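The structure appears right after this line, and notes come after that.
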Amino acid sequence: QVQLVESGGGLVQAGGSLRLSCAASGRTFSRYVMGWFRQAPGKEREFVAAISRSGGTTTYADSEKGRFTISRDNAKNTVYLQMNSLKPEDTAVYYCAARHRLTIGERGWSVDGYDYWGQGTQVTVSS
């Protein structure tokens with residue numbers, strides 16, 4: 001089992017940057033595909049980005065390409081989401097998730113494709 005704890009959220013002006021971190025418990029972090037999702041008030045949770053177990057493959061939702069970067073440090077059991085050029089529409093609770101599969105795969109884009117979730121961290125972007 002994996003426990004996930006996000007940090008790094010906060011209030012930032014439009015155009016600013018934030019770096020989210022997600023620390024995982026346990027010694028098998030490198031066996032999990034990791035993903036970031038977000039949920040705005042009144043909306044469904046949506047995919048943001050995912051990274052393969054080795055970190056060699058990443059994938060992003062179209063709206064985040066070029067602005068967000070997902071990375072991981074398996075030695076530190078941590079996955080990151082660097083967010084640049086933030087927009088008010090990026091305001092949401094951001095969640096990290098772990099997927100116990102060999103690859104990101106098609107289900108790596110789906111909420112249902114993940115086995116473990118963190119509690120979320122709030123990101124608010126002011127205009």
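Following the order of the structure tokens, first chain is A, next is B, and so on, with residues numbered from 1 inside each chain and ligands from 1 in the order they appear.
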
I'd like the contact shell of range 6-21 of chain A - 6 Å cut-off, only C-alpha atoms, skipping same-chain residues fewer than 2 positions apart - returned as a PyMOL selection string. chain A and resi 79-87+120-127

Would you please extract all strand (DSSP E) residues from range 47-101 of chain A, as assigned by DSSP on the backbone, and give them as a list of chain:residue names?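 Everything in range 47-101 of chain A that counts as strand (DSSP E) is A:Phe47, A:Val48, A:Ala49, A:Ala50, A:Ile51, A:Thr58, A:Thr59, A:Tyr60, A:Phe68, A:Thr69, A:Ile70, A:Ser71, A:Arg72, A:Asp73, A:Thr78, A:Val79, A:Tyr80, A:Leu81, A:Gln82, A:Met83, A:Ala92, A:Val93, A:Tyr94, A:Tyr95, A:Cys96, A:Ala97, A:Ala98, A:Arg99.
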
Of A:Ala92, A:Ala50, A:Phe68, A:Asn77, the one nearest to Thr28 in chain A when counting only C-alpha atoms is A:Asn77

Could you jot down the CA of Asp115 in chain A to CA of Ala98 in chain A separation for me, Å, one decimal place?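 We find that CA of Asp115 in chain A and CA of Ala98 in chain A lie 5.9 Å from each other.
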
Residue with smallest distance to Val33 in chain A - pool A:Thr57, A:Asn74, A:Ser110, A:Thr103, counting only C-alpha atoms: A:Thr103

Rank nothing, just name the residue among A:Gly118, A:Ala40, A:Gly108, A:Ser71 nearest to Ser25 in chain A, using only C-alpha atoms.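 Selected residue with least distance to Ser25 in chain A: A:Gly118.
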
Find the residues near Val5 in chain A: any atom within 7 Å, counting only C-alpha atoms, skip ones fewer than 6 places away on the same chain, and give them as a list in words.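 Non-adjacent residues within range: Cys22, Ala23, Ala24, Gly118 and Gln119 of chain A.
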
So how far away is CA of Arg99 in chain A from CA of Tyr116 in chain A, in Å? 7.0 Å

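For the residues A:Glu44, A:Thr78, A:His100, A:Gly105, ranking by smallest atom-to-atom distance to Tyr32 in chain A using only C-alpha atoms places A:His100 first.
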
Spatial neighbours of Thr59 in chain A, max dist 12 Å, only C-alpha atoms, sep filter under 4 positions, as a ChimeraX atom specification: /A:33-36,47-52,55,63-66,68-71,103-106,108-109

In range 53-88 of chain A, what's helix (DSSP H, G or I) per DSSP? Answer as a PyMOL selection string? chain A and resi 62-64+88

Quick one: distance from CA of Thr91 in chain A to CA of Ser30 in chain A in Å, one decimal?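 These atoms are spaced 29.5 Å apart.
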
So, with only C-alpha atoms as the atoms that count, which of A:Phe29, A:Asp112, A:Tyr95, A:Arg45 lies closest to Ala75 in chain A?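 Closest to Ala75 in chain A, using only C-alpha atoms: A:Phe29.
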